[in-house]
Structures are given as C-alpha cells and as structure tokens.
Amino acid sequence: MAFVPPARHLLRARDLVDARYADPLNVDDLARAAGLSRAHFSREFRRAFGEPPHVYLLTRRLERAAALLRTTDRSVTDVCLSVGLQSLGSFTTSFTNTYGMSPTAYRDRFPPATSHALVPACVVRAYGRPNAARFEKPEIGSGTSVAAEKSSPPRRQR
C-alpha cells in the first residue's frame, strides 16, 4: 500500500464537508474519512485550514443558509433544517454571531426571492404567442359533434 501524505486525507475530509454539509456529519465522521484518530485529525485540520473541523462545518452550513435566505422564500426553520442543523435557536444564535443580525433581518435586507425567479426566454415566447386554434372558426354543419371537435386537433386551412 502506497503512503499518502496526511494533507490528502485532510482534503478528503474537507471535501466531504463541502459536498455533504447538510448531512448529519460530525468530527468523528470526518476523522474516519481522513483515516485519523479524532484528536489527531482535529489538530491537523486546524493546523492545515486555520480553524477546527466543527467550525469549518458550521461555517459552510451558515454560508448555504445565507444563500437560501437571499434567494428563496423558504421559512427560517426550513432553511435551518435543510442545511443540516437541528436547533432553530442554535442556528439563530450562530447566524447572528456570524452575520451580525438574525436570519429574518438578513433576509429583509435583500429583494424578495420572486425577483430572482428567471423564466427562460423560450418559455416567455411560447406563452406569449397567440394560439392559432383560438382564432379558427368551427365549420358549421361539418357533421362532427362538439365533443369530436374538442378531441381532434384543429384543422389548418391552406
């Protein structure tokens, strides 16, 4: 088996946090992913990245929560749970300590999420076009019933 430098193991744990921050991860899970003991992992992670692993995880979760608060209309509780946190009170406290305001106050500083809703131009054009079938007059006395006309596609005149 080839020797892999510890930095690569730490990157594996950091990548795990970045990819799966919403999962119920803890330091033991990250240490296991790095293949190190919990204590050694925590020391090495802090030395390599400048903060303890649990702070790094919380920071990623709060960054994602801030993005959700800016760009969605989801409730603060839903945002809290969707980023992997279990306590609304702890989330609010951590968010306030990090961003200097409560999650609700943070959201209020940004335009409503509906202003971010982008509709592709092709959809706008498709729904903005008049439907040719609405402008055709049904042929009177054509021998078809109203029900048959509704179920069959409109005829195009040449």
# chains A, B, ... in the order shown; residues from 1 in each chain; ligands from 1

$ residues_around --residues "Arg61 in chain A" --least-positions-apart "4" --cutoff "8 Å" --atoms "only C-alpha atoms" --output "mmCIF file with C-alpha atoms, in the first residue's frame"
data_model
loop_
_atom_site.group_PDB
_atom_site.id
_atom_site.type_symbol
_atom_site.label_atom_id
_atom_site.label_comp_id
_atom_site.auth_asym_id
_atom_site.auth_seq_id
_atom_site.Cartn_x
_atom_site.Cartn_y
_atom_site.Cartn_z
ATOM 1 C CA TYR A 21 -22.738 19.801 4.717
ATOM 2 C CA ALA A 22 -26.494 19.100 5.006
ATOM 3 C CA LEU A 57 -18.614 22.626 9.030
ATOM 4 C CA ALA A 65 -28.240 29.190 4.848
ATOM 5 C CA VAL A 83 -28.504 22.904 5.849
ATOM 6 C CA GLY A 84 -28.118 20.142 8.409
ATOM 7 C CA LEU A 85 -28.748 21.995 11.664
#

$ residues_around --residues "Asp78 in chain A" --least-positions-apart "6" --cutoff "12 Å" --atoms "only C-alpha atoms" --output "list in words"
Ala65, Leu68, Leu69, Thr72, Gly84, Leu85, Gln86, Ser87, Leu88, Phe91 and Pro103 of chain A

$ write_last_selection --atoms "N, CA and C atoms" --output "PDB file, in the first residue's frame"
ATOM      1  N   ALA A  65     -27.003  28.633   4.295  1.00  0.00           N
ATOM      2  CA  ALA A  65     -28.240  29.190   4.848  1.00  0.00           C
ATOM      3  C   ALA A  65     -28.418  30.640   4.397  1.00  0.00           C
ATOM      4  N   LEU A  68     -29.639  30.678   0.868  1.00  0.00           N
ATOM      5  CA  LEU A  68     -31.054  30.298   0.795  1.00  0.00           C
ATOM      6  C   LEU A  68     -31.955  31.436   1.274  1.00  0.00           C
ATOM      7  N   LEU A  69     -31.535  32.139   2.307  1.00  0.00           N
ATOM      8  CA  LEU A  69     -32.331  33.264   2.808  1.00  0.00           C
ATOM      9  C   LEU A  69     -32.393  34.393   1.772  1.00  0.00           C
ATOM     10  N   THR A  72     -34.483  32.477  -1.704  1.00  0.00           N
ATOM     11  CA  THR A  72     -35.723  31.704  -1.635  1.00  0.00           C
ATOM     12  C   THR A  72     -36.687  32.351  -0.653  1.00  0.00           C
ATOM     13  N   GLY A  84     -28.678  21.157   7.518  1.00  0.00           N
ATOM     14  CA  GLY A  84     -28.118  20.142   8.409  1.00  0.00           C
ATOM     15  C   GLY A  84     -28.093  20.502   9.881  1.00  0.00           C
ATOM     16  N   LEU A  85     -28.702  21.617  10.245  1.00  0.00           N
ATOM     17  CA  LEU A  85     -28.748  21.995  11.664  1.00  0.00           C
ATOM     18  C   LEU A  85     -30.067  21.524  12.258  1.00  0.00           C
ATOM     19  N   GLN A  86     -30.046  21.195  13.538  1.00  0.00           N
ATOM     20  CA  GLN A  86     -31.219  20.602  14.175  1.00  0.00           C
ATOM     21  C   GLN A  86     -31.957  21.561  15.103  1.00  0.00           C
ATOM     22  N   SER A  87     -31.313  22.615  15.561  1.00  0.00           N
ATOM     23  CA  SER A  87     -31.915  23.514  16.538  1.00  0.00           C
ATOM     24  C   SER A  87     -32.061  24.918  15.950  1.00  0.00           C
ATOM     25  N   LEU A  88     -33.286  25.395  15.885  1.00  0.00           N
ATOM     26  CA  LEU A  88     -33.533  26.735  15.368  1.00  0.00           C
ATOM     27  C   LEU A  88     -32.879  27.792  16.260  1.00  0.00           C
ATOM     28  N   PHE A  91     -29.167  27.769  15.592  1.00  0.00           N
ATOM     29  CA  PHE A  91     -28.961  28.330  14.260  1.00  0.00           C
ATOM     30  C   PHE A  91     -29.044  29.852  14.305  1.00  0.00           C
ATOM     31  N   PRO A 103     -31.406  35.789  11.174  1.00  0.00           N
ATOM     32  CA  PRO A 103     -31.728  35.331   9.819  1.00  0.00           C
ATOM     33  C   PRO A 103     -32.869  36.127   9.172  1.00  0.00           C
TER      34      PRO A 103
END

$ atom_distance --atom1 "CA of Tyr106 in chain A" --atom2 "CA of Thr59 in chain A"
16.1 Å

$ residues_around --residues "Asn26 in chain A" --least-positions-apart "3" --cutoff "9 Å" --atoms "only C-alpha atoms" --output "CSV table (one decimal) with N, CA and C atoms, in the first residue's frame"
chain,number,residue,atom,x,y,z
A,29,ASP,N,-17.0,11.5,12.0
A,29,ASP,CA,-17.2,11.1,10.6
A,29,ASP,C,-16.1,11.6,9.8
A,30,LEU,N,-15.7,12.9,10.0
A,30,LEU,CA,-14.6,13.5,9.2
A,30,LEU,C,-13.3,12.8,9.5
A,31,ALA,N,-13.0,12.5,10.8
A,31,ALA,CA,-11.8,11.8,11.1
A,31,ALA,C,-11.7,10.5,10.5
A,53,PRO,N,-12.4,21.6,12.8
A,53,PRO,CA,-13.3,21.0,11.8
A,53,PRO,C,-14.8,21.3,12.0
A,54,HIS,N,-15.2,21.4,13.3
A,54,HIS,CA,-16.6,21.7,13.6
A,54,HIS,C,-16.9,23.1,13.2
A,57,LEU,N,-17.3,23.2,9.4
A,57,LEU,CA,-18.6,22.6,9.0
A,57,LEU,C,-19.7,23.6,9.3

$ atom_distance --atom1 "CA of Asp18 in chain A" --atom2 "CA of Arg64 in chain A"
10.3 Å

$ closest_residue --among "A:Val79, A:Ala66, A:Ala19, A:Leu118" --to "Ala105 in chain A" --atoms "only C-alpha atoms"
A:Ala66
